[in-house]
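Peer 1: Please find one structure pasted underneath; my questions will follow.
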Amino acid sequence: MSIDSLGEWRRTHYSNMVGPALDGEKVTVFGWVEDVRDLGGITFITLRDREGLLQITVLRKKVSEKILEKISRIGRQFAIGVKGTVRSHREAPKGVEVIPEDIKILATAAHPLPLDPTGRVPADIDVRLDARVLDLRRPECRAIFKIRHETVTEIRRFFIENGFIEVHTPKIIAAAAEGGAALFPVDYFEQKAFLAQSPELYKEQLTTVFEKVFEIGTYFRAEESHTRRHLNEFISVDIEEAFATVDDVMNVQEELTRSIVSHVAKTCQNELEILGLSLKTPSQRFKRYTYSEIVEELRKRNVEVEWGEDIPTPAYRELGELHKQEYYFIVDWPSRVRPFYIKPREDKPELCYAFDFMYEWIEITSGGSRVDSKEVFVNRLKEQNLDPKSFDFYLKIFDYGMPPHAGFGMGLERMLMALVGKENIREVILFPRDRFRLTP
Ligand code: AMO
């Protein structure tokens, strides 16, 4: 089939900019054909661009042979361009249509397609992810990723306005920061290296220079578990702040969450409507439960968690039932289930200054006050069977004036699961990497 060249054509309007007020104006629009309906004397083309739908109305008697020929060839999901005149018309969707004067077919689509990008025919998540780009054309997916875009925009604005400096730490590293088992090894010339699991020990060092830093970065964890909340590649939003404690950074997390929710509620009304959601900025202060209170709460529901152990997945599910639509913190964790860089309490070293920030059953963030003494740091490494020699590069920093500091890492995808109410993390990342998926 012959394909037209783009030539000098350039878009003048997105679909959402074409309204009845433009009646009589000439426009050039581009997009993908969602539907072609031939009703004899009249053909309707539904065009979709990234902003929405637009009706192209072809009055067959009034258009050229050339346009009729083009229309006879157009199929669903073809990419086309239309030059035409806007007509305000009460019966058209959104009260407006475009009467074409010229049409370009810029790309065809091969039928049958692996899934229906209008979303009318539901498909299984694996079929959807195999044809992800088509899947992403569904309004629900577009809505999720618009919300993701606005979330990241707001996160960046929030930190910059609050005096944090954006940093970029290395993603090829020599030592683990989050436990050795979950590292992806890479060949780094003559040396063994790994993909970073987090920016932890770099952001901590940077507090000695910039005091307040943030990073939005990609991290890699070779976790074998195939769950609905784990990816092998994810985005973490990290902060680290000098001369601050766990309570200070929990307040930052709380303010950040409020800012994200209110920004998304304001800027993504259409998207929230498509997803059937209404977001309200939480009015009350987020509750802070101690780990012991959570263990007790679970015990009352006949879910046994031995004090001092991590909270297992079924127990998190139960917490989700107990804390519906609630953002909350879990504080005062047992030191031995938290990483070596978390500061133990001076009065009760079996507890530490760590927190998790939760929404229902999902852990969105973890963080805390950090160890700021070399001696304690070395002891913590030994307690966790880690070799202090591997951390020489970091131990030096304690000799350069290490300030008391605290920070957190927020899983961007986890935050999005909470915002858009999805149970499977794969819904909120464009091209998920999990135990079994490396393509597309
Ligand atoms: P943690 O290991 O808890 O803490 O990770 C921080 C946050 O990142 C998200 N996350 C993940 N998201 C998707 N898939 C995964 N496999 C995955 N692993 C983690 C979670 C989690 O809460 N350095 C510390 C943070 C800090 O103390 O500053 C850290 O990495 O939302």
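Naming scheme: A, B, ... for chains in displayed order of the structure tokens; residues 1 onward per chain; ligands 1 onward as shown.
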Please list as a PyMOL selection string every residue within 9 Å of range 58-67 of chain A, counting only C-alpha atoms and excluding residues in the same chain fewer than 4 positions away.
Peer 2: chain A and resi 40-45+71-72+98-103
Peer 1: I need the chosen residues saved as a short mmCIF file (atom, residue, chain, number, x, y, z; two decimals), in the first residue's frame, with N, CA, C and O atoms.
Peer 2:
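The new file part_16.cif reads:
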```cif
data_model
loop_
_atom_site.label_atom_id
_atom_site.label_comp_id
_atom_site.auth_asym_id
_atom_site.auth_seq_id
_atom_site.Cartn_x
_atom_site.Cartn_y
_atom_site.Cartn_z
N GLY A 40 -23.07 4.86 4.24
CA GLY A 40 -23.57 5.19 2.91
C GLY A 40 -23.06 6.53 2.46
O GLY A 40 -21.91 6.66 2.07
N GLY A 41 -23.88 7.55 2.59
CA GLY A 41 -23.47 8.88 2.12
C GLY A 41 -22.44 9.56 3.00
O GLY A 41 -21.86 10.58 2.64
N ILE A 42 -22.23 8.97 4.18
CA ILE A 42 -21.36 9.67 5.14
C ILE A 42 -20.43 8.65 5.84
O ILE A 42 -20.86 7.53 6.13
N THR A 43 -19.19 9.04 5.99
CA THR A 43 -18.24 8.15 6.69
C THR A 43 -17.68 8.89 7.89
O THR A 43 -17.27 10.06 7.77
N PHE A 44 -17.71 8.23 9.04
CA PHE A 44 -17.12 8.82 10.25
C PHE A 44 -15.81 8.12 10.56
O PHE A 44 -15.78 6.88 10.63
N ILE A 45 -14.77 8.91 10.75
CA ILE A 45 -13.49 8.35 11.22
C ILE A 45 -13.28 8.87 12.63
O ILE A 45 -13.35 10.09 12.86
N ILE A 71 -9.93 6.98 1.90
CA ILE A 71 -10.82 6.44 2.94
C ILE A 71 -11.09 4.95 2.71
O ILE A 71 -11.19 4.16 3.65
N SER A 72 -11.16 4.58 1.44
CA SER A 72 -11.42 3.16 1.14
C SER A 72 -10.27 2.28 1.64
O SER A 72 -10.45 1.09 1.86
N VAL A 98 -14.42 17.53 12.18
CA VAL A 98 -13.54 18.14 11.19
C VAL A 98 -13.95 17.59 9.82
O VAL A 98 -14.11 16.38 9.64
N ILE A 99 -14.16 18.52 8.87
CA ILE A 99 -14.51 18.13 7.50
C ILE A 99 -13.21 18.14 6.70
O ILE A 99 -12.59 19.20 6.56
N PRO A 100 -12.76 16.96 6.22
CA PRO A 100 -11.42 16.91 5.63
C PRO A 100 -11.34 17.52 4.23
O PRO A 100 -12.27 17.39 3.44
N GLU A 101 -10.23 18.18 3.98
CA GLU A 101 -9.92 18.65 2.63
C GLU A 101 -8.79 17.83 2.03
O GLU A 101 -8.64 17.73 0.83
N ASP A 102 -8.00 17.24 2.90
CA ASP A 102 -6.94 16.34 2.44
C ASP A 102 -6.62 15.37 3.57
O ASP A 102 -6.72 15.73 4.74
N ILE A 103 -6.24 14.15 3.17
CA ILE A 103 -5.91 13.13 4.17
C ILE A 103 -4.60 12.48 3.75
O ILE A 103 -4.37 12.24 2.57
#
```
Peer 1: Neighbouring residues of ligand 1 are defined here as those with any atom at most 9 Å from a ligand atom, counting only C-alpha atoms and all ligand atoms; list them as a PyMOL selection string.
Peer 2: chain A and resi 177-178+197-201+203-204+219-223+225+229-240+339+341-342+354-358+362-370+406-415+425+434
Peer 1: Please provide the set of residues having any atom within 12 Å of Ile56 in chain A, restricted to only C-alpha atoms, with same-chain residues fewer than 3 positions apart removed, written as an NGL selection string.
Peer 2: :A and (15 or 18 or 27-38 or 42-48 or 53 or 59 or 71 or 80-89 or 92-93 or 96-103)
Peer 1: What is the distance, in Å and to one decimal place, between CA of Leu430 in chain A and CA of Leu136 in chain A?
Peer 2: 8.0 Å
Peer 1: With distances taken over only C-alpha atoms, which residue among A:Arg345, A:Pro185, A:Gly217, A:Glu427 lies nearest Asp124 in chain A?
Peer 2: A:Glu427
Peer 1: Using only C-alpha atoms, pick whichever of A:Arg380, A:Arg228, A:Arg142, A:Lys26 has the shortest atom-to-atom distance to Gly119 in chain A.
Peer 2: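 Comparing A:Arg380, A:Arg228, A:Arg142, A:Lys26 against Gly119 in chain A, the winner is A:Arg142.
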Peer 1: Give me the residues near Val371 in chain A as a list in words, where near means some atom within 8 Å (using only C-alpha atoms) and where sequence neighbours in that chain fewer than 3 positions away do not count.
Peer 2: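 Residues near the query, excluding close chain neighbours: Tyr341, Ile342, Lys343, Pro344, Lys374, Val376, Phe377 and Pro404 of chain A.
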Peer 1: Write the residues you've just listed into a file as a tab-separated table (two decimals), in the first residue's frame, and include C-alpha atoms for each of them.
Peer 2:
```tsv
chain	number	residue	atom	x	y	z
A	341	TYR	CA	23.13	1.79	57.86
A	342	ILE	CA	20.10	2.42	60.10
A	343	LYS	CA	20.91	3.89	63.50
A	344	PRO	CA	20.07	1.80	66.56
A	374	LYS	CA	32.35	4.70	62.30
A	376	VAL	CA	28.77	1.62	65.26
A	377	PHE	CA	28.83	1.22	61.48
A	404	PRO	CA	23.94	13.28	61.75
```
Peer 1: Enumerate the residues of range 143-342 of chain A with a DSSP assignment of strand (DSSP E or B), computed from the backbone, and present them as a ChimeraX atom specification.
Peer 2: /A:165-166,172-173,185-188,191-195,212-220,233-242,287-290,327-334,342
Peer 1: Could you tell me, as number ranges by chain, which residues of range 144-296 of chain A DSSP assigns to helix (DSSP H, G or I) when given the backbone?
Peer 2: A: 144-161, 180-182, 200-210, 246-267, 269-274, 291-296
Peer 1: Need the shell around Arg148 in chain A: protein/DNA/RNA residues with any atom at most 12 Å away, counting only C-alpha atoms. Skip same-chain ones fewer than 3 positions apart. Format as a PyMOL selection string?
Peer 2: chain A and resi 141-145+151-155+235+260-261+263-264+267-268+271-272+412-420+427-430
